[in-house]
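Trainee: Take this structure, written in structure tokens, and hold onto it; I'll ask about it next.
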Amino acid sequence: MPRLQLLGCVLALLLAGAGCTAGRVHSTPSGSDGTEARLERARLALRGPDHEAVLTDLEKLERELEAQLKERPEDARLHGLLARTAFYLQREEKAFTEAGRALAREPDQAESHYIQAFLLGGQDKAGEALAHATRATELEPKQGRYWQLLGTLYLQLDKPVEARGALEKTLSLEPRNAQALFVLGLLAMDEGRPDEALAAYEKAREYEPDLAMAHYNAGQLMQLRGEWAAALERFQKAAELEPGDWRTRTKLVQLHQALGNKEKRDAEREEVLLLRQAGKVDKDYFVREQFQEAGRTVMAVENFELEGDWAKRYEFQVFTPDQERPALVISLGSYSYANVFAREKDPEGPRLFHLDGYHPDGGHDTYGFFNGEPSYDETREMVVSILKGELKPMSTTKPGVN
């Protein structure tokens with residue numbers, strides 16, 4: 001995952017509450033009405049089973065603070081409390097504005113600096129965010145989540161050494177901070193240390209079992225290792241936590257394929273199709289599996305729809321070792337011109353499909369025509385036969401040759 005995407009992923013988790021569950025409880029100032037303690041309890045409970053009740057209480061608190069501010073509009077503390085309340089309610093613009101008003105009146109409010117750093121970082125304004133995050137750590141150096149945000153911002157700014165230092169500071173204060181461990185895992189992957197990354201993800205999911213991305217990323221690394229059963233367990237937990245994440249569902253399709261669980265594979269594929277019908281899939285295709293055959297790596301892609309004059313259902317991209325581009329693409333297609341020709345012979349006949357091989361030099365092989373769409377398993381079997389040299393083309397076209 002590119003570094004510039006790391007912060008967005010982690011901030012999304014934080015804003016959902018995951019990153020706001022760890023940290024030292026703020027001391028309640030002398031003369032406080034208990035609002036800060038109330039906010040702290042809400043912060044710690046945002047990802048728990050009482051989530052809806054917490055949001056209801058925060059909305060009530062928001063109204064109370066707004067009423068108090070009408071009477072005391074210059075009260076920096078009230079602006080800071082309202083900023084925190086809006087932040088936990090994910091009302092970003094309001095949280096940012098109120099944090100700014102608090103800092104204009106009282107520049108040393110650590111939490112308001114943290115809120116502004118967080119929200120600026122989410123807008124890819126890491127430079128501005130860094131100044132606020134740094135100030136927050138200076139004002140309250142024992143707040144682990146402040147260091148965690150600082151480390152994530154350093155990572156966005158492509159400063160891995162500083163990022164690691166800030167994240168390790170987080171863990172020295174909060175050894176079970178799952179968010180910091182997760183980001184350290186991302187950093188380790190970026191630096192080419194998958195074993196270290198996996199260890200970090202595994203600790204993160206142990207310390208915060210509801211952190212879906214930790215399960216997902218651990219599953220990815222286990223899948224790359226060929227540890228299918230362990231990877232499946234991780235992705236199943238990620239799917240349980242985020243049932244609307246279509247990418248996790250496609251991972252389940254891949255792993256059930258690898259384990260030979262075709263019935264479960266097909267059930268998960270149906271879940272992917274349902275998510276697409278619900279508008280929750282932002283791609284026109286998904287990767288069904290990746291496998292090795294005849295010393296080559298094959299990535300099998302399924303297109304959701306048969307669209308256009310050159311529609312293809314499956315594309316098997318064949319890579320030779322150390323090659324970034326496919327050396328061969330074998331596709332199951334249903335092209336307009338072929339179907340026009342077929343309709344002339346049989347107007348009521350099924351849709352015509354054909355299996356073709358495409359080479360980088362423009363060469364084209366045709367392996368067969370089919371009345372109706374072959375299943376994935378049938379198509380895969382033919383592809384394997386081609387790669388083994390058992391299924392020969394019925395026709396071949398080479399560039400420049402008539």
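Residues are named by chain letter and number: chains run A, B, ... in the order of the structure tokens, numbers start at 1 in each chain, and ligands are numbered from 1 in the order shown.
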Which residues come within 12 Å of Glu293 (chain A), counting only C-alpha atoms, excluding same-chain residues fewer than 4 positions away, as JSON, numbers by chain?
Mentor: {"A": [297, 298, 299, 316, 317, 318, 319, 320, 321, 380, 381, 383, 384, 385, 386, 387, 388, 389]}
Trainee: Got a sec: who's within 10 Å of region 55-68 of chain A, counting only C-alpha atoms, leaving out chain neighbours fewer than 6 positions off, as number ranges by chain?
Mentor: A: 35, 38-39, 42-43, 45-46, 75, 78-79, 81-86, 88-89
Trainee: Keeping only all heavy atoms, write the selected residues as a compact mmCIF listing (two decimals), in the first residue's frame.
Mentor:
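Listing of selection-v6.txt after writing:
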```
# COMPACT_ATOMS: atom_id res chain seq x y z
N THR A 35 -18.14 17.37 32.70
CA THR A 35 -18.31 17.19 31.26
C THR A 35 -17.12 16.46 30.64
O THR A 35 -17.30 15.60 29.78
CB THR A 35 -18.50 18.56 30.57
OG1 THR A 35 -19.63 19.21 31.15
CG2 THR A 35 -18.72 18.40 29.08
N ARG A 38 -17.34 12.89 31.34
CA ARG A 38 -18.43 12.35 30.51
C ARG A 38 -17.95 12.10 29.09
O ARG A 38 -18.25 11.07 28.47
CB ARG A 38 -19.59 13.35 30.54
CG ARG A 38 -20.85 12.94 29.83
CD ARG A 38 -21.89 14.02 30.08
NE ARG A 38 -23.09 13.89 29.27
CZ ARG A 38 -24.06 14.80 29.25
NH1 ARG A 38 -23.95 15.89 30.02
NH2 ARG A 38 -25.12 14.62 28.48
N LEU A 39 -17.18 13.03 28.55
CA LEU A 39 -16.63 12.87 27.21
C LEU A 39 -15.64 11.72 27.16
O LEU A 39 -15.60 10.97 26.18
CB LEU A 39 -15.94 14.17 26.77
CG LEU A 39 -16.84 15.23 26.12
CD1 LEU A 39 -16.08 16.54 25.97
CD2 LEU A 39 -17.33 14.75 24.76
N ALA A 42 -17.42 8.52 27.01
CA ALA A 42 -17.99 8.33 25.67
C ALA A 42 -16.91 7.89 24.69
O ALA A 42 -17.12 6.99 23.87
CB ALA A 42 -18.64 9.63 25.19
N ARG A 43 -15.74 8.50 24.77
CA ARG A 43 -14.64 8.15 23.87
C ARG A 43 -14.27 6.68 23.99
O ARG A 43 -14.07 5.98 23.00
CB ARG A 43 -13.42 9.03 24.15
CG ARG A 43 -12.22 8.74 23.27
CD ARG A 43 -11.07 9.69 23.58
NE ARG A 43 -10.43 9.37 24.83
CZ ARG A 43 -9.48 8.43 24.98
NH1 ARG A 43 -9.12 7.69 23.95
NH2 ARG A 43 -8.92 8.22 26.14
N ALA A 45 -16.12 4.31 25.00
CA ALA A 45 -17.23 3.39 24.73
C ALA A 45 -17.73 3.45 23.29
O ALA A 45 -18.64 2.71 22.93
CB ALA A 45 -18.39 3.70 25.68
N LEU A 46 -17.12 4.31 22.47
CA LEU A 46 -17.65 4.52 21.12
C LEU A 46 -17.72 3.26 20.28
O LEU A 46 -18.61 3.10 19.45
CB LEU A 46 -16.82 5.58 20.39
CG LEU A 46 -17.27 7.03 20.58
CD1 LEU A 46 -16.27 7.98 19.95
CD2 LEU A 46 -18.64 7.25 19.97
N ASP A 75 -15.68 31.61 26.23
CA ASP A 75 -15.16 30.56 27.11
C ASP A 75 -14.40 29.52 26.27
O ASP A 75 -15.01 28.69 25.58
CB ASP A 75 -16.31 29.90 27.87
CG ASP A 75 -15.82 29.00 29.00
OD1 ASP A 75 -14.81 28.28 28.79
OD2 ASP A 75 -16.46 28.97 30.07
N LEU A 78 -15.26 25.77 26.92
CA LEU A 78 -16.51 25.31 26.33
C LEU A 78 -16.34 25.03 24.84
O LEU A 78 -16.87 24.04 24.32
CB LEU A 78 -17.62 26.34 26.55
CG LEU A 78 -18.19 26.43 27.97
CD1 LEU A 78 -19.23 27.55 28.04
CD2 LEU A 78 -18.81 25.10 28.39
N HIS A 79 -15.59 25.89 24.15
CA HIS A 79 -15.34 25.65 22.72
C HIS A 79 -14.56 24.34 22.53
O HIS A 79 -14.84 23.57 21.61
CB HIS A 79 -14.57 26.82 22.11
CG HIS A 79 -15.41 28.02 21.84
ND1 HIS A 79 -16.39 28.05 20.88
CD2 HIS A 79 -15.42 29.26 22.42
CE1 HIS A 79 -16.97 29.25 20.86
NE2 HIS A 79 -16.40 30.00 21.79
N LEU A 81 -14.57 21.72 24.57
CA LEU A 81 -15.46 20.59 24.86
C LEU A 81 -16.42 20.33 23.70
O LEU A 81 -16.69 19.18 23.34
CB LEU A 81 -16.24 20.87 26.14
CG LEU A 81 -15.43 20.90 27.44
CD1 LEU A 81 -16.30 21.37 28.59
CD2 LEU A 81 -14.83 19.54 27.75
N LEU A 82 -16.91 21.41 23.10
CA LEU A 82 -17.81 21.24 21.96
C LEU A 82 -17.06 20.65 20.76
O LEU A 82 -17.63 19.84 20.02
CB LEU A 82 -18.44 22.59 21.58
CG LEU A 82 -19.49 22.55 20.46
CD1 LEU A 82 -20.61 21.57 20.79
CD2 LEU A 82 -20.05 23.96 20.21
N ALA A 83 -15.80 21.06 20.61
CA ALA A 83 -14.99 20.47 19.52
C ALA A 83 -14.85 18.97 19.71
O ALA A 83 -14.99 18.19 18.75
CB ALA A 83 -13.61 21.13 19.49
N ARG A 84 -14.58 18.54 20.92
CA ARG A 84 -14.44 17.10 21.19
C ARG A 84 -15.75 16.37 20.95
O ARG A 84 -15.78 15.28 20.37
CB ARG A 84 -13.96 16.89 22.62
CG ARG A 84 -12.51 17.27 22.85
CD ARG A 84 -12.14 17.22 24.31
NE ARG A 84 -12.26 15.88 24.87
CZ ARG A 84 -12.15 15.61 26.17
NH1 ARG A 84 -11.94 16.59 27.04
NH2 ARG A 84 -12.25 14.37 26.61
N THR A 85 -16.83 16.97 21.39
CA THR A 85 -18.13 16.34 21.21
C THR A 85 -18.45 16.17 19.73
O THR A 85 -18.86 15.09 19.28
CB THR A 85 -19.23 17.19 21.88
OG1 THR A 85 -18.89 17.39 23.25
CG2 THR A 85 -20.58 16.51 21.79
N ALA A 86 -18.25 17.22 18.95
CA ALA A 86 -18.50 17.15 17.51
C ALA A 86 -17.56 16.15 16.84
O ALA A 86 -17.95 15.43 15.91
CB ALA A 86 -18.33 18.54 16.88
N TYR A 88 -16.27 13.37 18.14
CA TYR A 88 -16.73 12.02 18.40
C TYR A 88 -18.01 11.70 17.62
O TYR A 88 -18.28 10.55 17.30
CB TYR A 88 -16.97 11.81 19.90
CG TYR A 88 -15.74 11.98 20.76
CD1 TYR A 88 -15.84 12.32 22.10
CD2 TYR A 88 -14.45 11.85 20.22
CE1 TYR A 88 -14.72 12.49 22.89
CE2 TYR A 88 -13.33 12.03 21.00
CZ TYR A 88 -13.46 12.35 22.33
OH TYR A 88 -12.35 12.54 23.11
N LEU A 89 -18.78 12.75 17.30
CA LEU A 89 -19.98 12.57 16.49
C LEU A 89 -19.67 12.58 15.00
O LEU A 89 -20.58 12.49 14.18
CB LEU A 89 -20.99 13.69 16.80
CG LEU A 89 -21.72 13.59 18.15
CD1 LEU A 89 -22.46 14.89 18.46
CD2 LEU A 89 -22.69 12.41 18.14
```
Trainee: Give the helix (DSSP H, G or I) residues of region 107-225 of chain A, as DSSP finds them on the backbone, and put them as a PyMOL selection string.
Mentor: chain A and resi 110-122+126-139+144-156+160-173+178-190+194-207+212-225
Trainee: Which residues of region 240-303 of chain A have any atom within 10 Å of an atom in region 193-215 of chain A when counting only C-alpha atoms, and what is the closest pair of atoms for each, with the distance in Å to one decimal? Order the rows by chain and rising number and write it as a Markdown table.
Mentor:
```
| residue | atom | partner | partner_atom | distance |
| --- | --- | --- | --- | --- |
| A:Glu240 | CA | A:Ala212 | CA | 8.6 |
| A:Leu241 | CA | A:Ala212 | CA | 6.0 |
| A:Glu242 | CA | A:Ala212 | CA | 6.8 |
| A:Thr248 | CA | A:Ala212 | CA | 9.9 |
```
Trainee: Figure out the distance between CA of Ala311 (chain A) and CA of Ser334 (chain A), please, to one decimal in Å.
Mentor: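 Between CA of Ser334 (chain A) and CA of Ala311 (chain A) the gap works out to 5.5 Å.
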Trainee: Can I get the residues of region 272-347 of chain A within 12 Å of region 224-232 of chain A, each with the closest pair of atoms and their distance in Å to one decimal, using only C-alpha atoms, sorted chain first then ascending number, as a Markdown table?
Mentor:
```
| residue | atom | partner | partner_atom | distance |
| --- | --- | --- | --- | --- |
| A:Glu289 | CA | A:Leu224 | CA | 11.8 |
| A:Gln290 | CA | A:Leu224 | CA | 9.9 |
| A:Phe291 | CA | A:Gly226 | CA | 10.3 |
| A:Gln292 | CA | A:Gly226 | CA | 11.4 |
```
Trainee: Name the closest residue to Leu157 (chain A) among the candidates A:Leu184, A:Lys142, A:Ala338, A:Leu130; distances are taken between atoms, counting only C-alpha atoms.
Mentor: A:Leu130
Trainee: Tell me which protein, DNA and RNA residues are within 10 Å of region 110-115 of chain A, counting only C-alpha atoms, leaving out same-chain ones fewer than 6 positions away, and put them as a JSON list (two decimals) with C-alpha atoms, in the first residue's frame.
Mentor:
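Once everything was written out, this is around_6.json:
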```
[["chain", "number", "residue", "atom", "x", "y", "z"],
["A", 26, "HIS", "CA", -7.80, 13.33, 31.10],
["A", 77, "ARG", "CA", -12.92, 25.55, 27.58],
["A", 79, "HIS", "CA", -15.34, 25.65, 22.72],
["A", 80, "GLY", "CA", -12.81, 22.87, 23.34],
["A", 81, "LEU", "CA", -15.46, 20.59, 24.86],
["A", 83, "ALA", "CA", -14.99, 20.47, 19.52],
["A", 84, "ARG", "CA", -14.44, 17.10, 21.19],
["A", 87, "PHE", "CA", -15.34, 15.15, 16.77],
["A", 92, "GLU", "CA", -15.67, 17.22, 11.14],
["A", 95, "ALA", "CA", -15.13, 20.01, 15.31],
["A", 96, "PHE", "CA", -12.42, 21.82, 13.35],
["A", 98, "GLU", "CA", -14.68, 24.83, 17.46],
["A", 99, "ALA", "CA", -11.13, 23.59, 18.05],
["A", 100, "GLY", "CA", -9.87, 26.67, 16.20],
["A", 101, "ARG", "CA", -12.02, 28.95, 18.35],
["A", 102, "ALA", "CA", -10.73, 27.23, 21.48],
["A", 103, "LEU", "CA", -7.09, 27.66, 20.43],
["A", 121, "GLY", "CA", -4.24, 15.04, 8.13],
["A", 129, "ALA", "CA", -1.31, 18.82, 10.78],
["A", 130, "LEU", "CA", 2.19, 17.97, 11.95],
["A", 131, "ALA", "CA", 2.61, 21.31, 13.74],
["A", 132, "HIS", "CA", -0.60, 20.73, 15.73],
["A", 133, "ALA", "CA", 0.24, 17.10, 16.50],
["A", 134, "THR", "CA", 3.73, 18.06, 17.67],
["A", 135, "ARG", "CA", 2.29, 20.73, 19.95],
["A", 136, "ALA", "CA", -0.19, 18.25, 21.39],
["A", 137, "THR", "CA", 2.64, 15.88, 22.35],
["A", 138, "GLU", "CA", 4.56, 18.76, 23.90],
["A", 139, "LEU", "CA", 1.59, 19.79, 26.02],
["A", 140, "GLU", "CA", 0.60, 16.27, 27.08],
["A", 141, "PRO", "CA", 3.56, 13.96, 26.39],
["A", 143, "GLN", "CA", -1.01, 10.76, 25.74],
["A", 145, "ARG", "CA", -2.76, 8.59, 20.85],
["A", 146, "TYR", "CA", -1.12, 11.97, 20.30],
["A", 147, "TRP", "CA", 2.15, 10.21, 19.50],
["A", 149, "LEU", "CA", -1.19, 10.49, 15.22],
["A", 150, "LEU", "CA", 2.20, 12.19, 15.02]]
```
